[in-house]
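Shown here: data00.txt, compact mmCIF, C-alpha atoms.
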# COMPACT_ATOMS: atom_id res chain seq x y z
CA MET A 175 15.03 1.46 -13.22
CA ASN A 176 11.64 3.21 -12.90
CA ASP A 177 11.01 2.94 -16.64
CA LYS A 178 11.66 -0.81 -16.64
CA ILE A 179 9.35 -1.34 -13.68
CA LEU A 180 6.65 0.80 -15.29
CA ALA A 181 6.93 -1.33 -18.44
CA ILE A 182 6.40 -4.46 -16.34
CA LEU A 183 3.39 -2.83 -14.65
CA ARG A 184 1.89 -2.01 -18.05
CA GLY A 185 2.46 -5.59 -19.16
CA LEU A 186 0.83 -6.93 -16.02
CA ARG A 187 -2.17 -4.69 -16.59
CA GLU A 188 -2.54 -5.52 -20.29
CA ASN A 189 -1.83 -9.25 -20.10
CA PRO A 190 -1.56 -10.56 -16.53
CA LEU A 191 -1.37 -14.18 -17.75
CA LYS A 192 1.91 -13.39 -19.49
CA TYR A 193 3.47 -12.78 -16.07
CA THR A 194 1.37 -14.87 -13.68
CA ARG A 195 -0.49 -18.18 -13.74
CA THR A 196 -4.01 -16.85 -13.05
CA GLY A 197 -3.63 -13.06 -12.92
CA SER A 198 -4.76 -12.95 -9.30
CA PHE A 199 -4.04 -10.20 -6.82
CA ASP A 200 -1.89 -12.58 -4.74
CA GLU A 201 0.22 -13.60 -7.71
CA THR A 202 0.65 -9.96 -8.73
CA ALA A 203 1.78 -9.05 -5.21
CA ALA A 204 4.17 -12.02 -5.19
CA LEU A 205 5.61 -10.98 -8.54
CA LEU A 206 6.15 -7.44 -7.25
CA CYS A 207 7.84 -8.82 -4.12
CA GLY A 208 10.12 -10.91 -6.33
CA LEU A 209 10.89 -7.92 -8.52
CA ASP A 210 11.76 -5.87 -5.45
CA HIS A 211 13.95 -8.65 -4.08
CA ALA A 212 15.70 -9.10 -7.44
CA THR A 213 16.65 -5.41 -7.41
CA GLY A 214 18.09 -5.55 -3.90
CA ASN A 215 14.93 -3.97 -2.47
CA GLN A 216 15.41 -0.90 -4.65
CA ALA A 217 12.37 -1.23 -6.93
CA LEU A 218 9.81 -0.59 -4.18
CA GLU A 219 11.99 1.21 -1.67
CA GLY A 220 9.70 3.57 0.22
CA PHE A 221 6.47 1.93 -0.94
CA GLN A 222 5.45 0.85 2.57
CA GLU A 223 5.85 4.42 3.80
CA TRP A 224 3.96 5.75 0.77
CA MET A 225 1.08 3.35 1.51
CA THR A 226 1.01 4.63 5.10
CA ILE A 227 0.64 8.18 3.74
CA GLN A 228 -2.31 7.03 1.58
CA LEU A 229 -3.93 5.50 4.67
CA LYS A 230 -3.27 8.64 6.73
CA GLY A 231 -1.05 6.79 9.16
CA ASP A 232 -3.32 3.86 9.88
CA TYR A 233 -2.32 0.24 9.16
CA SER A 234 1.33 1.25 8.90
CA ASN A 235 2.58 -2.12 10.12
CA THR A 236 0.53 -4.04 7.58
CA PHE A 237 2.28 -5.58 4.58
CA TRP A 238 1.90 -3.18 1.66
CA ALA A 239 -0.12 -5.65 -0.41
CA ILE A 240 -2.75 -5.86 2.32
CA SER A 241 -2.61 -2.09 2.77
CA SER A 242 -3.37 -1.86 -0.93
CA LEU A 243 -6.68 -3.64 -0.32
CA TYR A 244 -7.63 -1.02 2.28
CA VAL A 245 -7.00 1.71 -0.32
CA THR A 246 -8.68 -0.14 -3.20
CA PHE A 247 -11.75 -1.19 -1.20
CA PRO A 248 -12.50 1.81 1.06
CA GLU A 249 -16.12 0.69 1.32
CA SER A 250 -14.92 -2.28 3.36
CA GLN A 251 -14.65 0.13 6.32
CA GLY A 252 -11.25 -1.11 7.39
CA ASN A 253 -11.91 -4.80 6.90
CA PRO A 254 -11.19 -5.91 3.33
CA ALA A 255 -11.55 -9.55 2.57
CA PHE A 256 -8.27 -11.43 2.41
CA VAL A 257 -9.70 -12.97 -0.75
CA PRO A 258 -10.68 -9.82 -2.63
CA PRO A 259 -14.26 -9.84 -3.90
CA ASP A 260 -13.05 -8.50 -7.25
CA GLU A 261 -9.62 -9.81 -8.29
CA ASP A 262 -9.31 -7.49 -11.29
CA ARG A 263 -10.11 -4.44 -9.18
CA ALA A 264 -7.67 -5.58 -6.49
CA ARG A 265 -4.87 -6.29 -8.98
CA ASN A 266 -5.38 -3.07 -10.91
CA GLY A 267 -5.66 -1.08 -7.68
CA LEU A 268 -2.27 -2.42 -6.58
CA LEU A 269 -0.75 -1.67 -9.99
CA ASP A 270 -2.20 1.87 -9.93
CA GLN A 271 -0.74 2.44 -6.47
CA VAL A 272 2.72 1.17 -7.41
CA GLU A 273 2.68 3.30 -10.55
CA GLN A 274 1.65 6.41 -8.59
CA PHE A 275 4.27 5.66 -5.96
CA LEU A 276 7.02 5.38 -8.59
CA THR A 277 5.90 8.68 -10.12
CA ASP A 278 5.83 10.40 -6.71
CA ARG A 279 9.19 8.95 -5.72
CA LYS A 280 10.76 10.14 -8.97
CA THR A 281 9.14 13.60 -8.75
CA GLU A 282 9.50 14.30 -5.03
CA GLY A 283 12.41 12.10 -4.07
CA LEU A 284 12.57 9.37 -1.45
CA ASP A 285 13.67 11.72 1.35
CA ALA A 286 10.62 13.96 0.83
CA LEU A 287 8.30 10.95 0.89
CA ARG A 288 9.90 9.75 4.12
CA LYS A 289 9.39 13.18 5.70
CA LYS A 290 5.71 13.09 4.71
CA TYR A 291 5.48 9.59 6.13
CA GLN A 292 6.91 10.70 9.46
CA ALA A 293 4.54 13.67 9.66
CA VAL A 294 1.53 11.44 8.93
CA ARG A 295 2.67 8.86 11.48
CA ASN A 296 3.16 11.56 14.11
CA GLU A 297 -0.36 12.90 13.49
CA TRP A 298 -1.83 9.41 13.69
CA ASP A 299 0.11 8.58 16.87
CA GLU A 300 -1.10 11.82 18.47
CA TRP A 301 -4.72 11.07 17.52
CA TYR A 302 -4.40 7.52 18.83
CA GLU A 303 -2.95 8.61 22.17
CA ASN A 304 -5.14 11.67 22.72
CA GLU A 305 -8.49 10.65 21.27
CA PHE A 306 -8.77 6.93 20.72
CA LEU A 307 -7.27 5.84 24.03
CA ALA A 308 -9.17 8.57 25.92
CA ASP A 309 -12.45 7.38 24.40
CA LEU A 310 -11.58 3.80 25.24
CA GLU A 311 -10.85 4.73 28.86
CA GLU A 312 -14.19 6.58 29.09
CA GLU A 313 -16.02 3.51 27.78
CA GLN A 314 -14.29 1.31 30.36
CA GLU A 315 -15.18 3.70 33.16
CA ASP A 316 -18.84 3.65 32.08
CA ASP A 317 -18.94 -0.15 32.27

Could you render the structure as structure tokens?
Amino acid sequence: MNDKILAILRGLRENPLKYTRTGSFDETAALLCGLDHATGNQALEGFQEWMTIQLKGDYSNTFWAISSLYVTFPESQGNPAFVPPDEDRARNGLLDQVEQFLTDRKTEGLDALRKKYQAVRNEWDEWYENEFLADLEEEQEDD
């Protein structure tokens, strides 16, 4: 199945209008959602967890397409536009991420990716509880 999905990704990259109406990021994400749904959620199984690993545990509850914008536009400092400023960069960033995910999933296996995901989430949760909330409490005490 990976090879067929990779062929679709290549086609989307080379000629997005063959697969979508305008070649936008949103249409590309919708097509990938449809592809995943058509395969019984097998095509992108583990992609949400993989995106969380890329974001070092942050934004883990965000839909993977939106998470993709955080990865593609790191200069946005955690606040990418919901209408990407550069559709081609957004679309190709998403395609790059899906392609890398499929490669990692094939090489490492889904169980290994899920273990990495859990480790990253645990680190992020620990940071959030021990540092972020403590800093927030200090700020509130100072007010």

Using only C-alpha atoms, which of A:Gln271, A:Gly231, A:Phe221, A:Leu206 sits nearest Val245 of chain A?
A:Gln271

Atom pair atom CA of Gly214 of chain A / atom CA of Thr277 of chain A: separation (Å):
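Separation of atom CA of Gly214 of chain A and atom CA of Thr277 of chain A: 19.7 Å.
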
Skipping near chain neighbours, those fewer than 6 positions away, what residues fall within 8 Å of segment 178-192 of chain A using all atoms listed in the file, listed as a VMD selection string?
chain A and resid 202 217 266 269 273

Point-to-point distance in Å for atom CA of Gln228 of chain A and atom CA of Glu297 of chain A
13.4 Å

Do you have the atom CA of Glu219 of chain A-atom CA of Thr246 of chain A distance handy?
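Taking atom CA of Glu219 of chain A as the start and atom CA of Thr246 of chain A as the end point, the length is 20.8 Å.
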
May I ask which of the residues A:Gln292, A:Asn176, A:Thr194, A:Thr213 is the closest one to Thr226 of chain A, counting only C-alpha atoms?
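Using only C-alpha atoms, Thr226 of chain A sits closest to A:Gln292.
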
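Remark: for Glu223 of chain A, the closest of the candidate residues A:Phe247, A:Phe237, A:Glu201, A:Glu312 is A:Phe237 (distances computed over all atoms listed in the file).
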